[in-house]
$ cat work06.cif   # mmCIF, C-alpha atoms
data_protein
#
loop_
_atom_site.label_atom_id
_atom_site.label_comp_id
_atom_site.auth_asym_id
_atom_site.auth_seq_id
_atom_site.Cartn_x
_atom_site.Cartn_y
_atom_site.Cartn_z
CA MET A 1 -13.01 -10.53 -10.42
CA PRO A 2 -10.18 -11.07 -12.90
CA THR A 3 -8.18 -14.24 -12.34
CA PRO A 4 -4.54 -13.48 -11.43
CA PRO A 5 -2.22 -14.86 -14.10
CA PRO A 6 0.26 -17.54 -13.07
CA ALA A 7 3.94 -16.83 -13.42
CA ARG A 8 5.52 -17.76 -16.74
CA ALA A 9 9.09 -18.73 -17.54
CA ARG A 10 10.67 -15.82 -19.42
CA GLY A 11 14.30 -16.62 -19.81
CA GLY A 12 14.62 -17.80 -16.21
CA SER A 13 15.15 -21.26 -14.79
CA LEU A 14 12.41 -23.73 -13.93
CA GLU A 15 13.20 -23.16 -10.25
CA ASP A 16 12.65 -19.40 -10.71
CA LEU A 17 9.22 -20.21 -12.14
CA ARG A 18 8.36 -22.57 -9.28
CA ARG A 19 9.56 -20.02 -6.72
CA ALA A 20 7.33 -17.34 -8.27
CA ASN A 21 4.35 -19.69 -8.26
CA ARG A 22 4.96 -20.67 -4.63
CA ARG A 23 4.85 -16.98 -3.73
CA LEU A 24 1.64 -16.62 -5.73
CA ILE A 25 -0.01 -19.40 -3.70
CA LEU A 26 1.31 -17.99 -0.42
CA GLY A 27 -0.11 -14.59 -1.36
CA HIS A 28 -3.59 -16.09 -1.77
CA LEU A 29 -3.31 -17.84 1.60
CA VAL A 30 -2.21 -14.58 3.28
CA THR A 31 -5.13 -12.69 1.72
CA ASP A 32 -7.97 -15.23 1.83
CA GLY A 33 -7.05 -17.69 4.58
CA PRO A 34 -7.22 -21.51 4.40
CA GLN A 35 -8.29 -22.90 1.01
CA SER A 36 -8.53 -26.26 -0.70
CA ARG A 37 -6.12 -27.19 -3.47
CA ALA A 38 -8.92 -26.79 -6.01
CA GLU A 39 -9.68 -23.27 -4.76
CA LEU A 40 -6.00 -22.34 -4.94
CA ALA A 41 -5.87 -23.58 -8.53
CA ARG A 42 -8.88 -21.45 -9.48
CA ALA A 43 -7.57 -18.36 -7.69
CA SER A 44 -4.01 -18.60 -9.04
CA GLY A 45 -4.76 -19.75 -12.58
CA LEU A 46 -2.31 -22.63 -12.15
CA SER A 47 -3.21 -26.20 -13.05
CA ALA A 48 -4.45 -28.53 -10.31
CA THR A 49 -1.38 -30.73 -10.84
CA THR A 50 1.01 -27.79 -10.43
CA VAL A 51 -0.77 -26.56 -7.30
CA SER A 52 -0.71 -30.02 -5.75
CA SER A 53 3.01 -30.39 -6.45
CA LEU A 54 3.85 -26.94 -5.07
CA VAL A 55 1.69 -27.41 -1.98
CA ASN A 56 3.40 -30.74 -1.25
CA GLU A 57 6.80 -29.00 -1.54
CA MET A 58 5.70 -26.27 0.88
CA ILE A 59 4.29 -28.78 3.35
CA ALA A 60 7.64 -30.58 3.33
CA GLY A 61 9.41 -27.23 3.78
CA GLY A 62 7.19 -26.22 6.70
CA GLN A 63 5.64 -23.17 5.00
CA VAL A 64 2.08 -24.53 4.87
CA ARG A 65 0.13 -27.38 6.45
CA GLU A 66 -3.12 -29.22 5.96
CA THR A 67 -6.12 -28.66 8.21
CA THR A 68 -9.78 -29.65 8.41
CA THR A 69 -10.69 -26.60 10.50
CA GLY A 70 -11.05 -22.97 9.66
CA ARG A 71 -14.30 -23.15 7.65
CA PRO A 72 -17.72 -24.65 8.40
CA HIS A 73 -18.34 -27.92 6.61
CA LYS A 74 -21.20 -27.83 4.10
CA GLY A 75 -23.88 -30.27 5.14
CA GLY A 76 -24.26 -32.25 8.27
CA SER A 77 -22.36 -35.42 7.40
CA GLY A 78 -19.37 -36.67 5.52
CA ARG A 79 -15.69 -35.94 5.77
CA PRO A 80 -14.76 -32.24 6.24
CA PRO A 81 -12.69 -30.76 3.39
CA VAL A 82 -8.89 -30.77 3.61
CA LEU A 83 -7.66 -27.19 3.46
CA VAL A 84 -4.20 -25.68 3.14
CA GLU A 85 -3.17 -22.93 5.57
CA LEU A 86 -0.04 -21.00 6.44
CA ALA A 87 2.16 -22.90 8.91
CA THR A 88 3.24 -19.80 10.77
CA PRO A 89 4.88 -20.23 14.19
CA PRO A 90 3.35 -18.75 17.35
CA GLY A 91 3.97 -15.07 17.90
CA GLY A 92 3.23 -12.28 15.50
CA VAL A 93 4.39 -9.41 13.31
CA VAL A 94 4.46 -5.63 13.55
CA GLY A 95 3.45 -2.94 11.08
CA VAL A 96 4.75 0.65 11.23
CA ASP A 97 3.29 3.48 9.14
CA ILE A 98 5.38 6.65 9.24
CA GLY A 99 3.67 9.60 7.56
CA HIS A 100 4.76 13.22 7.31
CA GLY A 101 2.92 14.05 10.54
CA HIS A 102 2.17 10.78 12.31
CA VAL A 103 3.45 7.41 13.46
CA ARG A 104 1.00 4.49 13.42
CA VAL A 105 1.87 1.05 14.80
CA ALA A 106 -0.05 -2.23 14.66
CA ALA A 107 0.68 -5.56 16.36
CA ALA A 108 -0.74 -8.53 14.48
CA GLY A 109 -0.97 -12.28 14.75
CA PRO A 110 1.12 -14.57 12.54
CA THR A 111 -1.33 -14.40 9.61
CA GLY A 112 -1.82 -10.63 9.77
CA GLY A 113 -4.91 -10.20 11.93
CA VAL A 114 -4.43 -6.89 13.79
CA LEU A 115 -4.63 -7.32 17.57
CA ALA A 116 -3.78 -3.80 18.77
CA GLU A 117 -3.05 -0.46 17.13
CA ASP A 118 -1.94 3.05 18.11
CA VAL A 119 -1.28 6.35 16.30
CA ARG A 120 0.45 9.56 17.42
CA ARG A 121 1.03 12.95 15.83
CA PHE A 122 4.73 13.66 15.29
CA ASP A 123 6.91 15.96 13.17
CA VAL A 124 8.47 13.19 11.13
CA ASP A 125 10.17 15.09 8.31
CA THR A 126 12.92 16.74 10.35
CA ALA A 127 13.59 14.01 12.91
CA GLY A 128 14.53 10.59 11.53
CA PRO A 129 16.23 8.96 14.55
CA SER A 130 13.76 10.53 17.00
CA THR A 131 10.85 9.22 14.92
CA LEU A 132 12.28 5.71 15.09
CA ASP A 133 12.70 6.07 18.87
CA VAL A 134 8.99 6.93 19.10
CA ALA A 135 8.09 4.01 16.82
CA ALA A 136 10.10 1.57 18.96
CA THR A 137 8.38 2.76 22.13
CA MET A 138 4.97 2.45 20.47
CA ILE A 139 5.83 -1.05 19.25
CA ARG A 140 6.63 -2.21 22.79
CA GLU A 141 3.42 -0.67 24.13
CA THR A 142 1.27 -2.07 21.32
CA LEU A 143 2.75 -5.55 21.70
CA ALA A 144 1.90 -5.44 25.41
CA ALA A 145 -1.67 -4.40 24.58
CA ALA A 146 -1.91 -7.31 22.13
CA GLY A 147 -0.54 -9.80 24.65
CA LEU A 148 2.53 -10.56 22.50
CA ASP A 149 6.07 -11.02 23.79
CA PRO A 150 8.65 -8.82 21.96
CA ASP A 151 10.85 -11.91 21.64
CA ASP A 152 8.12 -13.59 19.57
CA VAL A 153 8.01 -10.91 16.85
CA HIS A 154 9.05 -12.60 13.61
CA ALA A 155 9.28 -9.45 11.46
CA ALA A 156 8.25 -5.82 11.17
CA GLY A 157 7.10 -4.08 8.00
CA MET A 158 7.55 -0.31 7.85
CA CYS A 159 6.73 2.45 5.37
CA VAL A 160 8.12 5.97 5.10
CA PRO A 161 6.78 8.85 2.97
CA ALA A 162 9.69 8.90 0.52
CA PRO A 163 11.34 6.56 -2.00
CA ILE A 164 13.71 3.93 -0.64
CA ASP A 165 16.88 3.25 -2.62
CA ARG A 166 16.80 -0.41 -3.65
CA GLU A 167 20.57 -0.87 -3.23
CA THR A 168 21.24 0.99 0.03
CA SER A 169 17.77 0.75 1.69
CA MET A 170 18.11 4.45 2.55
CA VAL A 171 15.82 7.41 1.83
CA SER A 172 16.94 8.44 -1.65
CA THR A 173 15.70 12.05 -1.96
CA GLY A 174 15.68 15.26 0.06
CA ILE A 175 11.93 15.02 0.71
CA LEU A 176 12.69 14.01 4.32
CA PRO A 177 15.58 16.31 5.31
CA GLY A 178 15.91 14.83 8.78
CA TRP A 179 16.47 11.32 7.37
CA ARG A 180 19.64 11.91 5.35
CA GLY A 181 22.13 9.15 6.02
CA VAL A 182 19.53 7.09 7.92
CA ASN A 183 18.87 3.46 7.04
CA PRO A 184 15.33 3.09 8.47
CA ALA A 185 15.22 -0.71 8.48
CA ARG A 186 18.61 -1.15 10.15
CA GLU A 187 17.93 1.57 12.70
CA LEU A 188 14.58 0.08 13.76
CA GLU A 189 16.06 -3.43 13.84
CA GLN A 190 18.59 -2.22 16.40
CA ARG A 191 15.80 -0.79 18.54
CA ILE A 192 13.40 -3.76 18.52
CA GLN A 193 15.75 -6.70 17.88
CA ALA A 194 13.66 -8.14 15.06
CA PRO A 195 14.03 -8.23 11.25
CA VAL A 196 12.60 -5.12 9.54
CA ILE A 197 11.67 -4.56 5.90
CA VAL A 198 10.91 -1.03 4.68
CA ASP A 199 9.18 0.47 1.64
CA ASN A 200 7.58 3.67 0.39
CA ASP A 201 4.16 4.44 1.93
CA ALA A 202 2.27 4.59 -1.37
CA ASN A 203 3.70 1.21 -2.42
CA LEU A 204 2.31 -0.35 0.75
CA GLY A 205 -1.01 1.45 0.33
CA ALA A 206 -1.20 -0.09 -3.14
CA LEU A 207 -0.31 -3.53 -1.76
CA ALA A 208 -3.02 -3.29 0.89
CA GLU A 209 -5.77 -2.14 -1.49
CA VAL A 210 -4.92 -4.97 -3.91
CA ARG A 211 -4.75 -7.65 -1.21
CA HIS A 212 -7.54 -6.48 1.10
CA GLY A 213 -9.37 -3.48 -0.35
CA ALA A 214 -10.93 -1.82 -3.37
CA ALA A 215 -8.56 -3.37 -5.94
CA HIS A 216 -8.78 -6.97 -4.72
CA GLY A 217 -8.60 -9.24 -7.75
CA HIS A 218 -7.02 -6.63 -10.04
CA GLN A 219 -3.51 -7.12 -11.40
CA ASP A 220 -2.66 -3.70 -12.88
CA VAL A 221 -3.46 -0.89 -10.47
CA VAL A 222 -2.38 2.69 -9.82
CA TYR A 223 -2.83 3.73 -6.18
CA VAL A 224 -2.67 7.46 -5.41
CA LYS A 225 -2.24 8.74 -1.86
CA LEU A 226 -3.56 12.29 -1.46
CA ALA A 227 -2.50 13.79 1.86
CA SER A 228 0.09 16.37 2.92
CA GLY A 229 1.95 15.13 -0.15
CA VAL A 230 1.02 13.22 -3.27
CA GLY A 231 2.41 9.73 -3.84
CA SER A 232 1.52 6.77 -5.97
CA GLY A 233 2.16 3.04 -5.90
CA LEU A 234 2.11 0.88 -9.01
CA VAL A 235 0.99 -2.75 -9.10
CA LEU A 236 1.82 -4.38 -12.43
CA GLY A 237 1.07 -8.02 -13.12
CA GLY A 238 -0.01 -8.44 -9.49
CA ARG A 239 3.29 -7.23 -8.01
CA VAL A 240 4.39 -3.87 -6.64
CA HIS A 241 6.62 -2.17 -9.22
CA ARG A 242 9.45 -0.15 -7.69
CA GLY A 243 11.65 0.55 -10.70
CA ALA A 244 15.41 0.24 -11.11
CA THR A 245 16.29 2.39 -8.08
CA GLY A 246 13.02 2.46 -6.12
CA MET A 247 11.79 5.76 -7.58
CA ALA A 248 8.81 4.43 -9.57
CA GLY A 249 5.49 6.12 -8.84
CA GLU A 250 6.64 9.65 -7.93
CA LEU A 251 3.45 11.16 -9.34
CA GLY A 252 3.55 14.12 -6.95
CA HIS A 253 6.75 15.35 -8.55
CA VAL A 254 5.55 15.38 -12.13
CA GLN A 255 6.11 18.94 -13.34
CA ILE A 256 2.92 20.70 -14.38
CA GLY A 257 4.29 24.25 -14.63
CA GLU A 258 7.86 25.45 -15.17
CA ASP A 259 7.23 28.69 -13.26
CA GLY A 260 5.31 27.15 -10.38
CA ASP A 261 6.14 27.16 -6.68
CA VAL A 262 9.36 25.56 -5.47
CA CYS A 263 8.68 22.02 -4.24
CA ARG A 264 10.37 20.36 -1.26
CA CYS A 265 12.06 18.01 -3.76
CA GLY A 266 13.97 21.01 -5.19
CA ASN A 267 12.11 21.36 -8.51
CA ARG A 268 9.47 23.92 -9.45
CA GLY A 269 5.88 23.40 -10.47
CA CYS A 270 5.43 19.86 -9.15
CA LEU A 271 1.89 18.46 -8.98
CA GLU A 272 2.21 18.29 -5.20
CA THR A 273 2.58 22.09 -4.96
CA ARG A 274 -0.89 22.47 -6.47
CA VAL A 275 -3.02 19.69 -5.00
CA SER A 276 -1.62 18.67 -1.59
CA ALA A 277 -4.02 18.94 1.35
CA ARG A 278 -1.98 21.81 2.78
CA GLN A 279 -2.23 23.79 -0.46
CA LEU A 280 -5.97 23.19 -0.87
CA LEU A 281 -6.71 24.29 2.69
CA ALA A 282 -4.63 27.45 2.20
CA SER A 283 -6.47 28.35 -1.00
CA LEU A 284 -9.90 27.93 0.60
CA GLN A 285 -9.21 29.51 3.99
CA PRO A 286 -9.76 33.18 2.89
CA ALA A 287 -13.36 32.33 1.94
CA HIS A 288 -14.22 30.92 5.38
CA ASP A 289 -14.52 32.55 8.80
CA GLU A 290 -13.80 29.31 10.65
CA GLU A 291 -10.39 27.63 10.64
CA LEU A 292 -10.50 24.96 7.98
CA THR A 293 -9.24 21.47 8.78
CA LEU A 294 -9.17 18.46 6.51
CA PRO A 295 -12.18 16.78 8.20
CA ARG A 296 -14.11 20.05 7.92
CA LEU A 297 -13.13 20.39 4.27
CA LEU A 298 -14.48 16.92 3.52
CA ALA A 299 -17.67 17.67 5.45
CA LEU A 300 -18.22 20.82 3.37
CA ASP A 301 -17.65 18.80 0.20
CA GLU A 302 -20.28 16.30 1.35
CA ALA A 303 -22.63 19.20 2.15
CA ARG A 304 -22.23 20.46 -1.45
CA ASP A 305 -20.44 23.70 -0.58
CA ALA A 306 -19.95 25.31 -4.01
CA GLY A 307 -16.48 26.78 -3.39
CA VAL A 308 -15.10 23.63 -1.80
CA ARG A 309 -16.53 21.44 -4.54
CA ARG A 310 -15.00 23.65 -7.24
CA VAL A 311 -11.53 23.61 -5.69
CA LEU A 312 -11.55 19.85 -5.02
CA SER A 313 -12.93 19.08 -8.48
CA ASP A 314 -10.21 21.22 -10.06
CA ALA A 315 -7.62 19.40 -7.97
CA GLY A 316 -8.99 16.06 -9.15
CA THR A 317 -8.85 17.23 -12.76
CA THR A 318 -5.23 18.31 -12.35
CA ILE A 319 -4.31 14.94 -10.83
CA GLY A 320 -6.32 13.12 -13.49
CA ARG A 321 -4.42 14.89 -16.27
CA ALA A 322 -1.17 13.39 -14.96
CA LEU A 323 -2.85 10.01 -14.42
CA ALA A 324 -4.18 10.01 -18.00
CA ASP A 325 -0.60 10.03 -19.32
CA LEU A 326 0.27 7.22 -16.89
CA CYS A 327 -2.75 5.23 -18.08
CA ASN A 328 -1.60 5.56 -21.68
CA HIS A 329 1.74 4.05 -20.65
CA LEU A 330 0.56 1.32 -18.26
CA ASN A 331 -3.08 0.55 -19.21
CA PRO A 332 -4.27 -0.23 -15.63
CA SER A 333 -7.68 -1.70 -14.86
CA MET A 334 -8.16 0.46 -11.75
CA ILE A 335 -7.06 3.75 -10.22
CA VAL A 336 -7.56 3.82 -6.45
CA ILE A 337 -7.53 7.24 -4.78
CA GLY A 338 -6.46 6.87 -1.15
CA GLY A 339 -5.29 9.08 1.67
CA PRO A 340 -7.49 11.60 3.50
CA LEU A 341 -8.67 13.24 0.26
CA GLY A 342 -9.49 9.91 -1.37
CA SER A 343 -12.99 9.94 0.11
CA SER A 344 -13.91 13.19 -1.66
CA GLY A 345 -16.52 12.66 -4.34
CA SER A 346 -15.47 15.89 -6.02
CA VAL A 347 -11.87 14.71 -6.33
CA ILE A 348 -12.97 11.34 -7.76
CA ARG A 349 -15.23 13.00 -10.31
CA GLY A 350 -12.44 15.38 -11.34
CA VAL A 351 -10.00 12.50 -11.86
CA ARG A 352 -12.57 10.55 -13.85
CA HIS A 353 -13.31 13.55 -16.08
CA ALA A 354 -9.64 14.16 -16.87
CA VAL A 355 -8.87 10.49 -17.58
CA ASP A 356 -11.84 10.31 -19.96
CA ARG A 357 -10.72 13.50 -21.70
CA TYR A 358 -6.97 12.99 -21.98
CA ALA A 359 -6.32 9.22 -22.04
CA GLN A 360 -6.76 7.13 -25.17
CA PRO A 361 -10.46 6.23 -25.45
CA ALA A 362 -9.96 2.46 -25.13
CA THR A 363 -7.56 2.97 -22.23
CA ALA A 364 -9.96 5.33 -20.42
CA GLU A 365 -12.85 2.92 -20.94
CA ALA A 366 -10.86 0.04 -19.43
CA VAL A 367 -9.93 1.80 -16.18
CA GLU A 368 -12.16 2.16 -13.13
CA VAL A 369 -11.59 5.16 -10.83
CA THR A 370 -12.60 4.60 -7.23
CA SER A 371 -11.94 5.63 -3.63
CA GLY A 372 -9.79 3.39 -1.48
CA GLN A 373 -11.65 1.17 0.97
CA LEU A 374 -8.99 1.11 3.68
CA ARG A 375 -8.71 4.92 4.01
CA GLU A 376 -6.12 6.02 6.59
CA ARG A 377 -5.32 2.39 7.49
CA ALA A 378 -4.15 1.36 4.01
CA GLU A 379 -0.46 1.91 4.70
CA ILE A 380 -0.44 0.13 8.07
CA MET A 381 -2.29 -2.82 6.53
CA GLY A 382 0.28 -2.89 3.75
CA ALA A 383 3.11 -2.86 6.30
CA VAL A 384 1.56 -5.80 8.17
CA THR A 385 0.98 -7.69 4.91
CA MET A 386 4.62 -7.16 3.90
CA ALA A 387 5.83 -8.44 7.28
CA VAL A 388 3.70 -11.59 6.98
CA ALA A 389 4.99 -12.14 3.45
CA MET A 390 8.57 -11.77 4.73
CA VAL A 391 7.95 -14.53 7.28
CA THR A 392 6.06 -16.92 4.99
CA ALA A 393 8.01 -16.57 1.72
CA GLY A 394 11.03 -18.40 3.06
CA ASP A 395 12.81 -18.42 -0.31
#
$ encode --input "work06.cif" --output "structure tokens"
Amino acid sequence: MPTPPPARARGGSLEDLRRANRRLILGHLVTDGPQSRAELARASGLSATTVSSLVNEMIAGGQVRETTTGRPHKGGSGRPPVLVELATPPGGVVGVDIGHGHVRVAAAGPTGGVLAEDVRRFDVDTAGPSTLDVAATMIRETLAAAGLDPDDVHAAGMCVPAPIDRETSMVSTGILPGWRGVNPARELEQRIQAPVIVDNDANLGALAEVRHGAAHGHQDVVYVKLASGVGSGLVLGGRVHRGATGMAGELGHVQIGEDGDVCRCGNRGCLETRVSARQLLASLQPAHDEELTLPRLLALDEARDAGVRRVLSDAGTTIGRALADLCNHLNPSMIVIGGPLGSSGSVIRGVRHAVDRYAQPATAEAVEVTSGQLRERAEIMGAVTMAVAMVTAGD
């Protein structure tokens, strides 16, 4: 796996550099658990002296602590290794994944291990406050199932299927009509009495796949969520890239035809109007006597149904054409296709074909195209990871 690059001072202060490197070390502890100082140096790319100095600072600040437990000692004698682990307080965190048609909630321990989880179908798009009422109820029930007291929740991470304005923390487009004027983080905080941090669902899917899934160890990644909509999250230099206003990664609203169907964003001919799960099911339904569902569509793809494979391959090619342009701009090392359609081999092959055809040859050769490992749980894992990071960062 590629070694993550350490932070460099680029016009900022020495303290900015040290703060960035502390976060880098904390990120490795969140992802990989207790490690020795030498292992942290190898994983982060920082010098052993720098790691030792930063770890000592974080021990003094109460963010990490030393331990001799957490990993079997090699050999039968001698002193067990001294490891560094997160010094998280008792209690836990909560993750909330709000999709266009579902609410998923997870209760986790202080380092992100999921203890209980629940998911419900719900018409999210037209009902912002009602959705948050449902999420709050599910949080209380899931915490009870996990044996956690609501008063011991340190933070909640939440994603919504739309961009979040970086200045106002509000949904910044008309994609979710029932969320206009709603500040999701503030509203949920009032319902659960705990700090809440919110982000776009594809951003958190990208975070989860980089920290825990298919893109672990990669620093420049494009994550694409293919579901009832099309979204993408960008990880550049190991960090989620949100752009100046939080709109980075709106792949589904790249225009591919001026005279195409009207999209829910208000434009015409968006990529989403051609390749969303809803559109693909509608295009295939006339050729099938049975009612097609997404699981059935994927089963037919696996069974090599010719019509299904053609439609999904064409969809992958259309998506890949847009991704090829993005690759020419960003030069990622991996494209991860997530969401329900991310497991389709036909989609993956279509994306790969288009990237090879339309991206610069060296750029296409450098990028791997793969299915996400976390599937439908990517966004909830990203929400939990973000909540843990909120608790442990401290600065």
$ atom_distance --input "work06.cif" --atom1 "CA of Val355 (chain A)" --atom2 "CA of Ala277 (chain A)"
21.3 Å
$ resolve_selection --input "work06.cif" --expression "the PyMOL selection byres ((chain A and resi 224) around 6)" --output "compact mmCIF listing (two decimals) with C-alpha atoms, in the coordinates of the input"
# COMPACT_ATOMS: atom_id res chain seq x y z
CA TYR A 223 -2.83 3.73 -6.18
CA LYS A 225 -2.24 8.74 -1.86
CA GLY A 231 2.41 9.73 -3.84
CA SER A 232 1.52 6.77 -5.97
CA ILE A 337 -7.53 7.24 -4.78
CA GLY A 338 -6.46 6.87 -1.15
$ atom_distance --input "work06.cif" --atom1 "CA of Thr50 (chain A)" --atom2 "CA of Val82 (chain A)"
17.4 Å
$ resolve_selection --input "work06.cif" --expression "the PyMOL selection byres ((chain A and resi 333) around 8)" --output "list in words"
His218, Gln219, Asp220, Val221, Asn331, Pro332, Met334, Ile335, Ala366, Val367 and Glu368 of chain A
$ atom_distance --input "work06.cif" --atom1 "CA of Val64 (chain A)" --atom2 "CA of Glu85 (chain A)"
5.5 Å
$ resolve_selection --input "work06.cif" --expression "the PyMOL selection byres ((chain A and resi 256) around 8)" --output "PyMOL selection string"
chain A and resi 254-255+257-258+260+269-271
$ closest_residue --input "work06.cif" --among "A:Asp325, A:Asp32, A:Asp133, A:Glu189" --to "Gly113 (chain A)" --atoms "all atoms listed in the file"
A:Asp32
$ residues_around --input "work06.cif" --residues "Ile380 (chain A)" --least-positions-apart "4" --cutoff "10 Å" --atoms "all atoms listed in the file" --output "NGL selection string"
:A and (94-98 or 103-106 or 114 or 117 or 157-159 or 201 or 204-205 or 208 or 374 or 376 or 384-386)
$ decode --input "work06.cif" --residues "region 242-256 of chain A" --atoms "N, CA, C and O atoms" --output "mmCIF file, in the first residue's frame"
data_model
loop_
_atom_site.group_PDB
_atom_site.id
_atom_site.type_symbol
_atom_site.label_atom_id
_atom_site.label_comp_id
_atom_site.auth_asym_id
_atom_site.auth_seq_id
_atom_site.Cartn_x
_atom_site.Cartn_y
_atom_site.Cartn_z
ATOM 1 N N ARG A 242 -13.974 19.123 -0.135
ATOM 2 C CA ARG A 242 -15.359 19.592 -0.208
ATOM 3 C C ARG A 242 -15.531 20.818 -1.089
ATOM 4 O O ARG A 242 -16.653 21.162 -1.455
ATOM 5 N N GLY A 243 -14.455 21.494 -1.420
ATOM 6 C CA GLY A 243 -14.543 22.681 -2.252
ATOM 7 C C GLY A 243 -14.873 23.924 -1.440
ATOM 8 O O GLY A 243 -15.095 23.866 -0.228
ATOM 9 N N ALA A 244 -14.918 25.065 -2.132
ATOM 10 C CA ALA A 244 -15.090 26.353 -1.467
ATOM 11 C C ALA A 244 -16.413 26.460 -0.726
ATOM 12 O O ALA A 244 -16.491 27.053 0.348
ATOM 13 N N THR A 245 -17.483 25.895 -1.298
ATOM 14 C CA THR A 245 -18.808 26.019 -0.681
ATOM 15 C C THR A 245 -19.428 24.680 -0.301
ATOM 16 O O THR A 245 -20.586 24.638 0.112
ATOM 17 N N GLY A 246 -18.674 23.582 -0.463
ATOM 18 C CA GLY A 246 -19.213 22.265 -0.129
ATOM 19 C C GLY A 246 -19.820 21.531 -1.305
ATOM 20 O O GLY A 246 -20.412 20.469 -1.132
ATOM 21 N N MET A 247 -19.670 22.079 -2.528
ATOM 22 C CA MET A 247 -20.319 21.491 -3.703
ATOM 23 C C MET A 247 -19.415 20.558 -4.503
ATOM 24 O O MET A 247 -19.829 20.040 -5.536
ATOM 25 N N ALA A 248 -18.185 20.330 -4.063
ATOM 26 C CA ALA A 248 -17.280 19.464 -4.822
ATOM 27 C C ALA A 248 -17.845 18.047 -4.919
ATOM 28 O O ALA A 248 -18.450 17.540 -3.978
ATOM 29 N N GLY A 249 -17.655 17.431 -6.092
ATOM 30 C CA GLY A 249 -18.055 16.035 -6.250
ATOM 31 C C GLY A 249 -19.460 15.804 -6.769
ATOM 32 O O GLY A 249 -19.946 14.671 -6.706
ATOM 33 N N GLU A 250 -20.125 16.828 -7.310
ATOM 34 C CA GLU A 250 -21.492 16.637 -7.807
ATOM 35 C C GLU A 250 -21.475 16.003 -9.198
ATOM 36 O O GLU A 250 -21.972 16.587 -10.182
ATOM 37 N N LEU A 251 -20.940 14.796 -9.275
ATOM 38 C CA LEU A 251 -20.809 14.090 -10.546
ATOM 39 C C LEU A 251 -22.155 13.842 -11.202
ATOM 40 O O LEU A 251 -22.297 13.903 -12.424
ATOM 41 N N GLY A 252 -23.178 13.542 -10.386
ATOM 42 C CA GLY A 252 -24.489 13.216 -10.939
ATOM 43 C C GLY A 252 -25.135 14.352 -11.684
ATOM 44 O O GLY A 252 -26.089 14.135 -12.450
ATOM 45 N N HIS A 253 -24.621 15.567 -11.502
ATOM 46 C CA HIS A 253 -25.230 16.726 -12.148
ATOM 47 C C HIS A 253 -24.319 17.343 -13.201
ATOM 48 O O HIS A 253 -24.482 18.504 -13.577
ATOM 49 N N VAL A 254 -23.373 16.512 -13.692
ATOM 50 C CA VAL A 254 -22.634 16.865 -14.897
ATOM 51 C C VAL A 254 -23.584 16.710 -16.080
ATOM 52 O O VAL A 254 -24.259 15.699 -16.224
ATOM 53 N N GLN A 255 -23.653 17.726 -16.927
ATOM 54 C CA GLN A 255 -24.582 17.669 -18.059
ATOM 55 C C GLN A 255 -23.991 16.819 -19.175
ATOM 56 O O GLN A 255 -22.865 17.042 -19.617
ATOM 57 N N ILE A 256 -24.768 15.829 -19.629
ATOM 58 C CA ILE A 256 -24.308 14.981 -20.721
ATOM 59 C C ILE A 256 -25.175 15.126 -21.963
ATOM 60 O O ILE A 256 -24.940 14.480 -22.971
#
